[in-house]
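Asker: Here you go, one structure.
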There are 2 protein chains.
Amino acid sequence: MTTYDRKVLHKMSYGLYVVTTEFAGRVNGQIADAVMQVNAAPRQTVALSLNNDNFTTELIKQSGRIAISIISQNYDPALIANFGLQSGRDADKFAAFPAKLTEGGLPYYEGPGFCGWLAGPVIERLTVGSHTIFVMAAEEGQPGVDAEPLLYADYLAKKTRPQAEAAPAPAPAGDKPRWRCRVCGYVYEGELPPDYRCPICGVGADMFERI
Amino acid sequence: MTTYDRKVLHKMSYGLYVVTTEFAGRVNGQIADAVMQVNAAPRQTVALSLNNDNFTTELIKQSGRIAISIISQNYDPALIANFGLQSGRDADKFAAFPAKLTEGGLPYYEGPGFCGWLAGPVIERLTVGSHTIFVMAAEEGQPGVDAEPLLYADYLAKKTRPQAEAAPAPAPAGDKPRWRCRVCGYVYEGELPPDYRCPICGVGADMFERI
């Protein structure tokens, strides 16, 4: 039997999105890449995969509503850090980046830095191990002022380059190896277990790079 | 309430993939863009959305197995036409593009034109109107020789440009307007119903452009 090399999944292409929700006056959001259209008729539906440990996932399970803002190439890196580097359990992610609200009270983003947004109810839900696939029906939404969506691969490339230039020789870190999450930047010290998941953004060990 | 503009979904980013299966000696495949990773641990899983009317979908429902080949920027346009422009009910799609076979007999592609492939069993299935979301567990697979995946947006841009250059003035077509599927090239004559779906690749009316 052919062996499986997990790196093949790095060749799949994604945009980057801010996924937001509101339940009983609590709002939260997170960065996601696993977002795709499911069908187009009679209405457009979109599926997204979120980690069950995330606060946003918890809120969506209660609210049954999702807004998705599509990040553009003209993005603010601080926005991605804001929504990807911390948990909404500890911080108000909308303090630094005030959102607009749909009539139903869902926060979303539009304007420079975004290619558009959409919002609607969760119509299906499927748990797959550590993650849940939510299917939402788009009921509100508009294309944005920016034309070109940010690709996850472009984000990673831009993010990695300046860091490498700024620190060509990584500082020694004692006996322990250090690993950085390629998605949100979280750093883990020690031997990385194969089943490790990033505590911030939920991706697996294969998304960590040794630093 | 904010209105909904379906064009917002054109800002979502995708790769392009050949999705293949085998059941009881019958093989088929189709082009898909709606493919995303679901989780990474304990095993990597991938979700994809396929139209229920497609022959590939029908076979996957029986076989419970899927192979996905990731198309690269070094792609052969004839491959996409072969898998996107005709139905496997009428033609042997592998005649012009012979595939390799996994040990379990699933056809897949590797080599120039591909960034990698993966294959495995369907572990979850969710019907959403016209489409079915399949979740597969990756059990076999390798990154490919080509480094850069083809983006659906790049494919559309390249595909549209030469046609526009070759035919700057569309030929008159009598009284009937003509619409071309931006995904597979299928042409529809007459007024396009809003709930129309491409009979070849299954996308909705919003993916048709007037020609």
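Identifiers for the structure tokens are assigned positionally: chains receive A, B, ... in sequence, residues are indexed from 1 per chain, and ligands are indexed from 1 in the order shown.
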Out of range 1-210 of chain A, which residues get strand (DSSP E) from DSSP, as a VMD selection string?

Answerer: chain A and resid 17 to 23 26 to 32 35 to 39 45 to 51 65 to 71 100 to 101 107 to 108 114 to 128 131 to 137 140 to 143 178 to 181 187 to 189 208 to 210

Asker: May I have a table of the residues of chain A lying at most 6 Å from chain B, giving each one's closest pair of atoms and their distance in Å to one decimal, counting only C-alpha atoms, ordered by chain and ascending residue number, as JSON lines?

Answerer:
```
{"residue": "A:Thr2", "atom": "CA", "partner": "B:Glu140", "partner_atom": "CA", "distance": 5.8}
{"residue": "A:Thr3", "atom": "CA", "partner": "B:Glu140", "partner_atom": "CA", "distance": 5.6}
{"residue": "A:Tyr4", "atom": "CA", "partner": "B:Glu140", "partner_atom": "CA", "distance": 4.4}
{"residue": "A:Asp5", "atom": "CA", "partner": "B:Gln142", "partner_atom": "CA", "distance": 5.2}
{"residue": "A:Val8", "atom": "CA", "partner": "B:Pro143", "partner_atom": "CA", "distance": 4.2}
{"residue": "A:Ser13", "atom": "CA", "partner": "B:Gly15", "partner_atom": "CA", "distance": 4.8}
{"residue": "A:Tyr14", "atom": "CA", "partner": "B:Ser13", "partner_atom": "CA", "distance": 5.4}
{"residue": "A:Gly15", "atom": "CA", "partner": "B:Ser13", "partner_atom": "CA", "distance": 4.8}
{"residue": "A:Ala34", "atom": "CA", "partner": "B:Met36", "partner_atom": "CA", "distance": 5.5}
{"residue": "A:Met36", "atom": "CA", "partner": "B:Ala34", "partner_atom": "CA", "distance": 5.5}
{"residue": "A:Val38", "atom": "CA", "partner": "B:Ser49", "partner_atom": "CA", "distance": 5.5}
{"residue": "A:Ala40", "atom": "CA", "partner": "B:Gly204", "partner_atom": "CA", "distance": 5.0}
{"residue": "A:Ala41", "atom": "CA", "partner": "B:Asp195", "partner_atom": "CA", "distance": 5.5}
{"residue": "A:Pro42", "atom": "CA", "partner": "B:Asp195", "partner_atom": "CA", "distance": 5.9}
{"residue": "A:Ser49", "atom": "CA", "partner": "B:Val38", "partner_atom": "CA", "distance": 5.5}
{"residue": "A:Gly116", "atom": "CA", "partner": "B:Val8", "partner_atom": "CA", "distance": 5.8}
{"residue": "A:Glu139", "atom": "CA", "partner": "B:Tyr4", "partner_atom": "CA", "distance": 5.9}
{"residue": "A:Glu140", "atom": "CA", "partner": "B:Tyr4", "partner_atom": "CA", "distance": 4.4}
{"residue": "A:Gly141", "atom": "CA", "partner": "B:Tyr4", "partner_atom": "CA", "distance": 4.7}
{"residue": "A:Gln142", "atom": "CA", "partner": "B:Asp5", "partner_atom": "CA", "distance": 5.2}
{"residue": "A:Pro143", "atom": "CA", "partner": "B:Val8", "partner_atom": "CA", "distance": 4.2}
{"residue": "A:Asp195", "atom": "CA", "partner": "B:Ala41", "partner_atom": "CA", "distance": 5.5}
{"residue": "A:Gly204", "atom": "CA", "partner": "B:Ala40", "partner_atom": "CA", "distance": 4.9}
```

Asker: Pull C-alpha atoms from the residues just selected and write them as an mmCIF file, in the first residue's frame.

Answerer:
```cif
data_model
loop_
_atom_site.group_PDB
_atom_site.id
_atom_site.type_symbol
_atom_site.label_atom_id
_atom_site.label_comp_id
_atom_site.auth_asym_id
_atom_site.auth_seq_id
_atom_site.Cartn_x
_atom_site.Cartn_y
_atom_site.Cartn_z
ATOM 1 C CA THR A 2 1.231 3.470 -0.871
ATOM 2 C CA THR A 3 2.240 5.420 2.184
ATOM 3 C CA TYR A 4 0.529 8.676 2.993
ATOM 4 C CA ASP A 5 2.506 11.922 3.152
ATOM 5 C CA VAL A 8 0.030 16.690 0.152
ATOM 6 C CA SER A 13 -5.859 26.177 -2.029
ATOM 7 C CA TYR A 14 -7.860 28.414 0.294
ATOM 8 C CA GLY A 15 -8.870 31.978 0.889
ATOM 9 C CA ALA A 34 -11.668 25.861 5.256
ATOM 10 C CA MET A 36 -16.375 26.384 0.400
ATOM 11 C CA VAL A 38 -21.853 23.738 -1.430
ATOM 12 C CA ALA A 40 -26.117 27.393 -5.838
ATOM 13 C CA ALA A 41 -29.811 26.626 -6.190
ATOM 14 C CA PRO A 42 -32.403 27.105 -4.882
ATOM 15 C CA SER A 49 -14.994 23.500 9.161
ATOM 16 C CA GLY A 116 -17.177 40.930 0.575
ATOM 17 C CA GLU A 139 -29.318 35.352 3.076
ATOM 18 C CA GLU A 140 -27.472 38.656 3.321
ATOM 19 C CA GLY A 141 -24.216 39.742 1.770
ATOM 20 C CA GLN A 142 -22.429 41.944 -0.722
ATOM 21 C CA PRO A 143 -19.200 41.862 -2.723
ATOM 22 C CA ASP A 195 -1.591 14.353 17.360
ATOM 23 C CA GLY A 204 -2.770 19.936 13.533
#
```

Asker: I'd like to know which of A:Ala24, A:Val122, A:Ile60, A:Val18 is closest to Asn82 in chain A, using only C-alpha atoms.

Answerer: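 Selected residue with least distance to Asn82 in chain A: A:Val18.
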
Asker: CA of Thr57 in chain B to CA of Leu156 in chain B: how many Å, to one decimal?

Answerer: 23.9 Å

Asker: May I ask for the distance between CA of Val19 in chain A and CA of Met136 in chain B, given in Å to one decimal place?

Answerer: 24.0 Å

Asker: Skip Lys100 in chain A itself and residues of its chain fewer than 2 positions away, then list as a PyMOL selection string all residues within 8 Å of it, counting only C-alpha atoms.

Answerer: chain A and resi 98+102+107-110

Asker: Emit the selected residues as a PDB file, in the first residue's frame, including N, CA and C atoms.

Answerer:
```pdb
ATOM      1  N   PRO A  98     -13.641  47.377  15.185  1.00  0.00           N
ATOM      2  CA  PRO A  98     -15.103  47.467  15.292  1.00  0.00           C
ATOM      3  C   PRO A  98     -15.776  46.930  14.024  1.00  0.00           C
ATOM      4  N   THR A 102     -25.262  43.124  11.131  1.00  0.00           N
ATOM      5  CA  THR A 102     -26.445  42.859  10.317  1.00  0.00           C
ATOM      6  C   THR A 102     -27.674  43.237  11.144  1.00  0.00           C
ATOM      7  N   PRO A 107     -21.962  40.447  13.756  1.00  0.00           N
ATOM      8  CA  PRO A 107     -20.870  41.327  13.324  1.00  0.00           C
ATOM      9  C   PRO A 107     -20.264  40.846  12.001  1.00  0.00           C
ATOM     10  N   TYR A 108     -19.905  41.789  11.145  1.00  0.00           N
ATOM     11  CA  TYR A 108     -19.226  41.449   9.896  1.00  0.00           C
ATOM     12  C   TYR A 108     -18.373  42.634   9.484  1.00  0.00           C
ATOM     13  N   TYR A 109     -17.486  42.413   8.521  1.00  0.00           N
ATOM     14  CA  TYR A 109     -16.597  43.473   8.058  1.00  0.00           C
ATOM     15  C   TYR A 109     -16.809  43.761   6.579  1.00  0.00           C
ATOM     16  N   GLU A 110     -16.763  45.037   6.250  1.00  0.00           N
ATOM     17  CA  GLU A 110     -16.711  45.411   4.845  1.00  0.00           C
ATOM     18  C   GLU A 110     -15.848  46.654   4.730  1.00  0.00           C
TER      19      GLU A 110
END
```

Asker: Neighbours of Glu191 in chain A within 9 Å (only C-alpha atoms; same-chain residues fewer than 4 positions away dropped), as a list in words?

Answerer: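 The neighbour list is Lys176, Pro177, Arg178 and Trp179 of chain A.
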
Asker: So how far away is CA of Gln30 in chain B from CA of Pro193 in chain B, in Å?

Answerer: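 Rounded to one decimal, the two atoms are 24.5 Å apart.
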
Asker: For Pro121 in chain B, which residue out of B:Ile80, B:Ile66, B:Ile31, B:Cys181 is the nearest one, using only C-alpha atoms?

Answerer: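 Among the listed residues, the smallest separation from Pro121 in chain B belongs to B:Ile66.
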
Asker: Considering only alpha helix (DSSP H) as DSSP defines it on the backbone, what residues of range 18-116 of chain A qualify? List them as a PyMOL selection string.

Answerer: chain A and resi 55-63+77-84
